[in-house]
>>> print(open('model-v7.pdb').read())   # PDB, C-alpha atoms
ATOM      1  CA  MET A   1      -7.622  14.706   1.908
ATOM      2  CA  ARG A   2      -6.539  13.166  -1.434
ATOM      3  CA  ALA A   3      -2.895  12.870  -0.285
ATOM      4  CA  ARG A   4      -4.041  11.233   2.958
ATOM      5  CA  ASN A   5      -6.116   8.722   0.997
ATOM      6  CA  GLN A   6      -3.211   7.979  -1.367
ATOM      7  CA  ALA A   7      -1.030   6.714   1.460
ATOM      8  CA  VAL A   8      -3.842   4.809   3.112
ATOM      9  CA  VAL A   9      -4.773   3.120  -0.151
ATOM     10  CA  LEU A  10      -1.311   1.623  -0.347
ATOM     11  CA  ILE A  11      -2.037  -0.544   2.695
ATOM     12  CA  LEU A  12      -4.917  -2.697   1.471
ATOM     13  CA  GLY A  13      -4.244  -6.384   0.559
ATOM     14  CA  LEU A  14      -3.405 -10.152   1.047
ATOM     15  CA  VAL A  15      -2.431 -12.743  -1.581
ATOM     16  CA  LEU A  16      -5.361 -14.845  -2.862
ATOM     17  CA  SER A  17      -5.281 -17.666  -5.420
ATOM     18  CA  ALA A  18      -6.766 -18.173  -8.894
ATOM     19  CA  GLY A  19      -8.262 -15.352 -10.892
ATOM     20  CA  THR A  20      -8.702 -13.512 -14.162
ATOM     21  CA  ALA A  21      -7.203 -10.126 -14.992
ATOM     22  CA  LEU A  22      -9.875  -7.460 -15.459
ATOM     23  CA  THR A  23      -7.772  -4.373 -16.161
ATOM     24  CA  GLU A  24      -4.142  -3.479 -16.631
ATOM     25  CA  ASP A  25      -2.356  -0.159 -16.559
ATOM     26  CA  VAL A  26       1.331   0.387 -17.348
ATOM     27  CA  ASP A  27       3.511   3.354 -16.368
ATOM     28  CA  ALA A  28       7.198   2.684 -17.073
ATOM     29  CA  ASP A  29       8.260   0.214 -14.366
ATOM     30  CA  ILE A  30       4.832   0.256 -12.673
ATOM     31  CA  THR A  31       2.066  -2.216 -13.532
ATOM     32  CA  SER A  32      -1.411  -2.544 -12.065
ATOM     33  CA  GLN A  33      -4.188  -5.038 -12.577
ATOM     34  CA  VAL A  34      -7.370  -6.067 -10.844
ATOM     35  CA  VAL A  35      -7.801  -9.835 -10.602
ATOM     36  CA  LYS A  36     -11.195 -11.444 -10.017
ATOM     37  CA  THR A  37     -11.018 -14.680  -8.012
ATOM     38  CA  ASP A  38     -13.272 -17.721  -8.148
ATOM     39  CA  ALA A  39     -14.462 -16.658  -4.669
ATOM     40  CA  GLN A  40     -15.964 -13.441  -6.140
ATOM     41  CA  GLU A  41     -13.256 -11.253  -4.660
ATOM     42  CA  LEU A  42     -10.989  -8.690  -6.251
ATOM     43  CA  ILE A  43      -7.236  -8.441  -5.783
ATOM     44  CA  LEU A  44      -5.427  -5.254  -6.717
ATOM     45  CA  VAL A  45      -2.008  -6.423  -7.928
ATOM     46  CA  GLN A  46       0.618  -3.736  -8.428
ATOM     47  CA  GLU A  47       4.277  -4.155  -9.241
ATOM     48  CA  VAL A  48       7.137  -1.701  -9.464
ATOM     49  CA  ASP A  49      10.851  -2.079 -10.097
ATOM     50  CA  VAL A  50      13.054   0.361  -8.196
ATOM     51  CA  ASP A  51      16.697   1.007  -9.031
ATOM     52  CA  ALA A  52      17.873   0.711  -5.429
ATOM     53  CA  PRO A  53      19.189  -2.066  -3.181
ATOM     54  CA  ILE A  54      16.583  -4.028  -1.266
ATOM     55  CA  ALA A  55      17.829  -2.674   2.100
ATOM     56  CA  GLU A  56      17.091   0.905   0.984
ATOM     57  CA  VAL A  57      13.645  -0.027  -0.330
ATOM     58  CA  TRP A  58      12.852  -1.910   2.888
ATOM     59  CA  ASN A  59      13.922   1.088   4.990
ATOM     60  CA  ALA A  60      11.659   3.372   2.943
ATOM     61  CA  TYR A  61       8.702   1.193   3.977
ATOM     62  CA  THR A  62       9.667   0.326   7.550
ATOM     63  CA  THR A  63      11.209   3.426   9.162
ATOM     64  CA  SER A  64       9.699   6.759  10.132
ATOM     65  CA  ASP A  65      12.310   8.687   8.138
ATOM     66  CA  GLY A  66      11.769   6.373   5.189
ATOM     67  CA  TRP A  67       8.016   7.011   5.088
ATOM     68  CA  MET A  68       8.477  10.763   5.471
ATOM     69  CA  ALA A  69      10.877  10.816   2.519
ATOM     70  CA  TRP A  70       8.236   9.670   0.024
ATOM     71  CA  ALA A  71       4.803   8.834   1.434
ATOM     72  CA  ALA A  72       3.789  11.254   4.194
ATOM     73  CA  PRO A  73       5.102  14.469   5.736
ATOM     74  CA  LEU A  74       4.691  13.012   9.238
ATOM     75  CA  ALA A  75       5.131   9.322  10.085
ATOM     76  CA  GLU A  76       5.777   7.134  13.095
ATOM     77  CA  VAL A  77       6.719   3.483  12.508
ATOM     78  CA  ASP A  78       6.714   0.786  15.203
ATOM     79  CA  LEU A  79       8.093  -2.132  13.179
ATOM     80  CA  ARG A  80       6.973  -5.351  14.844
ATOM     81  CA  ALA A  81       4.171  -7.852  14.423
ATOM     82  CA  GLY A  82       1.274  -6.021  16.045
ATOM     83  CA  GLY A  83       3.016  -2.666  15.552
ATOM     84  CA  THR A  84       1.763   0.277  13.538
ATOM     85  CA  ILE A  85       2.620   2.827  10.898
ATOM     86  CA  LYS A  86       0.906   6.108  11.725
ATOM     87  CA  THR A  87       0.851   9.058   9.330
ATOM     88  CA  HIS A  88      -0.610  12.549   9.227
ATOM     89  CA  TYR A  89      -0.814  15.124   6.439
ATOM     90  CA  GLY A  90      -1.821  18.238   8.392
ATOM     91  CA  ALA A  91       0.638  21.153   8.241
ATOM     92  CA  ASP A  92       0.657  21.725  12.007
ATOM     93  CA  ALA A  93      -0.517  18.284  13.067
ATOM     94  CA  LYS A  94       1.134  15.625  15.130
ATOM     95  CA  ILE A  95       0.632  11.885  15.279
ATOM     96  CA  GLY A  96      -2.477  11.150  17.319
ATOM     97  CA  ASP A  97      -4.336  14.275  16.237
ATOM     98  CA  PRO A  98      -7.658  13.800  14.432
ATOM     99  CA  GLY A  99      -6.902  12.710  10.881
ATOM    100  CA  THR A 100      -4.039  10.397  11.866
ATOM    101  CA  ASN A 101      -3.986   7.347   9.584
ATOM    102  CA  THR A 102      -3.071   4.035  11.223
ATOM    103  CA  LEU A 103      -1.787   0.952   9.441
ATOM    104  CA  HIS A 104      -1.489  -2.152  11.595
ATOM    105  CA  ILE A 105       1.511  -4.368  10.908
ATOM    106  CA  VAL A 106       0.041  -7.868  10.708
ATOM    107  CA  ASN A 107       3.404  -9.534  10.110
ATOM    108  CA  TYR A 108       6.715  -9.085   8.360
ATOM    109  CA  VAL A 109       9.858 -10.901   7.299
ATOM    110  CA  PRO A 110      12.770  -8.432   6.998
ATOM    111  CA  GLU A 111      13.481  -7.444   3.398
ATOM    112  CA  ARG A 112      10.943 -10.021   2.128
ATOM    113  CA  VAL A 113       7.316  -9.337   3.129
ATOM    114  CA  LEU A 114       5.228  -6.743   4.967
ATOM    115  CA  THR A 115       1.503  -7.239   5.615
ATOM    116  CA  LEU A 116      -0.535  -4.179   6.585
ATOM    117  CA  ARG A 117      -4.159  -3.676   7.627
ATOM    118  CA  ALA A 118      -5.773  -0.246   7.597
ATOM    119  CA  GLU A 119      -7.662   1.101  10.558
ATOM    120  CA  ILE A 120     -10.858   2.295   8.901
ATOM    121  CA  SER A 121     -12.243   5.639  10.070
ATOM    122  CA  GLU A 122     -15.543   7.436   9.573
ATOM    123  CA  ARG A 123     -14.248   9.256   6.474
ATOM    124  CA  TRP A 124     -13.789   6.012   4.520
ATOM    125  CA  PRO A 125     -16.404   4.742   2.026
ATOM    126  CA  GLU A 126     -19.218   2.667   3.540
ATOM    127  CA  VAL A 127     -18.258  -0.499   1.632
ATOM    128  CA  MET A 128     -14.788  -0.374   3.201
ATOM    129  CA  LYS A 129     -16.247   0.081   6.683
ATOM    130  CA  GLU A 130     -18.283  -3.091   6.103
ATOM    131  CA  ASP A 131     -15.120  -5.014   5.172
ATOM    132  CA  GLU A 132     -12.729  -3.486   7.708
ATOM    133  CA  GLY A 133     -11.198  -6.709   9.031
ATOM    134  CA  ARG A 134     -10.736  -8.177   5.540
ATOM    135  CA  LEU A 135      -8.834  -5.349   3.824
ATOM    136  CA  MET A 136      -5.081  -5.886   3.829
ATOM    137  CA  ASN A 137      -2.015  -5.224   1.764
ATOM    138  CA  VAL A 138       0.683  -7.850   1.349
ATOM    139  CA  ILE A 139       3.865  -6.280   0.034
ATOM    140  CA  LEU A 140       6.624  -8.525  -1.303
ATOM    141  CA  PHE A 141      10.196  -7.307  -1.777
ATOM    142  CA  GLU A 142      12.482  -9.186  -4.179
ATOM    143  CA  SER A 143      16.076  -8.312  -4.987
ATOM    144  CA  GLN A 144      16.608  -8.432  -8.766
ATOM    145  CA  ASP A 145      20.316  -7.752  -8.315
ATOM    146  CA  GLU A 146      22.407  -5.728  -5.868
ATOM    147  CA  SER A 147      21.009  -2.414  -7.134
ATOM    148  CA  ARG A 148      17.451  -3.235  -8.252
ATOM    149  CA  THR A 149      14.403  -4.323  -6.240
ATOM    150  CA  ARG A 150      10.957  -5.481  -7.321
ATOM    151  CA  ILE A 151       7.986  -4.606  -5.113
ATOM    152  CA  GLN A 152       4.743  -6.535  -5.521
ATOM    153  CA  SER A 153       1.701  -5.195  -3.690
ATOM    154  CA  PHE A 154      -1.421  -7.337  -3.284
ATOM    155  CA  GLY A 155      -4.474  -5.440  -2.037
ATOM    156  CA  VAL A 156      -6.943  -8.054  -0.842
ATOM    157  CA  GLY A 157     -10.272  -8.347   0.886
ATOM    158  CA  TYR A 158     -12.262  -6.474  -1.753
ATOM    159  CA  ARG A 159     -15.613  -7.992  -2.666
ATOM    160  CA  ASP A 160     -16.606  -8.132  -6.328
ATOM    161  CA  VAL A 161     -19.271  -5.413  -6.053
ATOM    162  CA  PRO A 162     -19.782  -2.201  -8.054
ATOM    163  CA  ALA A 163     -18.621   0.010  -5.166
ATOM    164  CA  TYR A 164     -15.138  -1.537  -5.307
ATOM    165  CA  ASP A 165     -15.055  -1.349  -9.100
ATOM    166  CA  GLU A 166     -15.506   2.405  -8.718
ATOM    167  CA  LEU A 167     -12.893   2.656  -5.952
ATOM    168  CA  MET A 168     -10.309   0.883  -8.128
ATOM    169  CA  GLY A 169     -10.511   3.916 -10.405
ATOM    170  CA  PHE A 170      -9.089   5.912  -7.493
ATOM    171  CA  PHE A 171      -6.799   3.292  -5.908
ATOM    172  CA  ILE A 172      -4.826   2.440  -9.032
ATOM    173  CA  PRO A 173      -3.658   5.955  -9.997
ATOM    174  CA  ALA A 174      -3.203   6.954  -6.335
ATOM    175  CA  ASN A 175      -0.939   3.986  -5.634
ATOM    176  CA  GLU A 176       0.935   4.458  -8.901
ATOM    177  CA  GLY A 177       1.554   8.073  -7.868
ATOM    178  CA  LEU A 178       3.016   6.881  -4.576
ATOM    179  CA  PHE A 179       5.214   4.356  -6.374
ATOM    180  CA  ARG A 180       6.504   7.175  -8.600
ATOM    181  CA  LYS A 181       7.347   9.194  -5.468
ATOM    182  CA  LEU A 182       9.154   6.176  -4.024
ATOM    183  CA  LYS A 183      11.158   5.762  -7.227
ATOM    184  CA  GLU A 184      12.016   9.474  -7.324
ATOM    185  CA  HIS A 185      13.184   9.331  -3.712
ATOM    186  CA  LEU A 186      15.324   6.206  -4.068
ATOM    187  CA  GLU A 187      16.610   6.631  -7.612
ATOM    188  CA  ASN A 188      17.750  10.272  -7.329
TER     189      ASN A 188
END
>>> encode(input="model-v7.pdb", output="structure tokens")
Amino acid sequence: MRARNQAVVLILGLVLSAGTALTEDVDADITSQVVKTDAQELILVQEVDVDAPIAEVWNAYTTSDGWMAWAAPLAEVDLRAGGTIKTHYGADAKIGDPGTNTLHIVNYVPERVLTLRAEISERWPEVMKEDEGRLMNVILFESQDESRTRIQSFGVGYRDVPAYDELMGFFIPANEGLFRKLKEHLEN
């Protein structure tokens, strides 16, 4: 279940404005911080630099084969506004079986931005069920040069309540672990 949650965690976000950094964690080319906004919301901001061209990084996020190479053993991507990214971690499972994780593609601009919204299931924490329509992940892709890409992930929709403070203790290392897997896949 932890691996399933790691991939799902990556999907939460949307860029919000002003705020103050609460925490920061650094792991090589990976940074994470939680920003508190004036609207009493939290934004999980994570950034990673990947030594790979932007087209390869984009494909890792937006194709079934790309997802299966680093994020999930089984994935099905329907890349379009209103499309989905569906994943499953069961050894003998198939997409659509119980335990399938669904990320809704809110919008995208090729090789620039991808906005995802998680479909919340009964196994998710209660606070996330309450905020289901608000939780999104805006992922920005920026070419640093022809062989290096910066990814910025903005997890938004979190209220500034103790339950989310506790969840950040899981989200941050889980997402950083996924970013490490992405780097290993694309840089080796």
>>> resolve_selection(input="model-v7.pdb", expression="the PyMOL selection byres ((chain A and resi 133-150) around 6)", output="list of chain:residue names")
A:Ile11, A:Leu12, A:Gly13, A:Leu14, A:Val48, A:Asp49, A:Val50, A:Asp51, A:Ala52, A:Pro53, A:Ile54, A:Arg112, A:Val113, A:Leu114, A:Thr115, A:Leu116, A:Arg117, A:Asp131, A:Glu132, A:Ile151, A:Gln152, A:Ser153, A:Phe154, A:Gly155, A:Val156, A:Gly157
>>> axis_aligned_box(input="model-v7.pdb", around="range 43-59 of chain A", padding_each_side="4 Å", output="lines of an AutoDock Vina configuration file")
center_x = 6.0
center_y = -3.7
center_z = -2.6
size_x = 34.4
size_y = 17.5
size_z = 23.1
>>> closest_residue(input="model-v7.pdb", among="A:Val57, A:Leu44, A:Gly82, A:Pro162", to="Trp70 in chain A", atoms="all atoms listed in the file")
A:Val57
>>> resolve_selection(input="model-v7.pdb", expression="the PyMOL selection byres ((chain A and resi 67) around 12)", output="compact mmCIF listing (two decimals) with C-alpha atoms, keeping the file's coordinate frame")
# COMPACT_ATOMS: atom_id res chain seq x y z
CA ALA A 7 -1.03 6.71 1.46
CA GLU A 56 17.09 0.90 0.98
CA VAL A 57 13.64 -0.03 -0.33
CA TRP A 58 12.85 -1.91 2.89
CA ASN A 59 13.92 1.09 4.99
CA ALA A 60 11.66 3.37 2.94
CA TYR A 61 8.70 1.19 3.98
CA THR A 62 9.67 0.33 7.55
CA THR A 63 11.21 3.43 9.16
CA SER A 64 9.70 6.76 10.13
CA ASP A 65 12.31 8.69 8.14
CA GLY A 66 11.77 6.37 5.19
CA MET A 68 8.48 10.76 5.47
CA ALA A 69 10.88 10.82 2.52
CA TRP A 70 8.24 9.67 0.02
CA ALA A 71 4.80 8.83 1.43
CA ALA A 72 3.79 11.25 4.19
CA PRO A 73 5.10 14.47 5.74
CA LEU A 74 4.69 13.01 9.24
CA ALA A 75 5.13 9.32 10.09
CA GLU A 76 5.78 7.13 13.10
CA VAL A 77 6.72 3.48 12.51
CA ASP A 78 6.71 0.79 15.20
CA ILE A 85 2.62 2.83 10.90
CA LYS A 86 0.91 6.11 11.72
CA THR A 87 0.85 9.06 9.33
CA HIS A 88 -0.61 12.55 9.23
CA LEU A 178 3.02 6.88 -4.58
CA LYS A 181 7.35 9.19 -5.47
CA LEU A 182 9.15 6.18 -4.02
CA HIS A 185 13.18 9.33 -3.71
CA LEU A 186 15.32 6.21 -4.07
>>> atom_distance(input="model-v7.pdb", atom1="CA of Asp165 in chain A", atom2="CA of Lys36 in chain A")
10.8 Å
>>> atom_distance(input="model-v7.pdb", atom1="CA of Tyr108 in chain A", atom2="CA of Arg80 in chain A")
7.5 Å
>>> closest_residue(input="model-v7.pdb", among="A:Glu126, A:Glu41, A:Asp92, A:Glu111", to="Asp160 in chain A", atoms="only C-alpha atoms")
A:Glu41
>>> atom_distance(input="model-v7.pdb", atom1="CA of Ala93 in chain A", atom2="CA of Ala118 in chain A")
20.0 Å
>>> closest_residue(input="model-v7.pdb", among="A:Ile43, A:Ile95, A:Phe179, A:Asn188", to="Asp29 in chain A", atoms="all atoms listed in the file")
A:Phe179
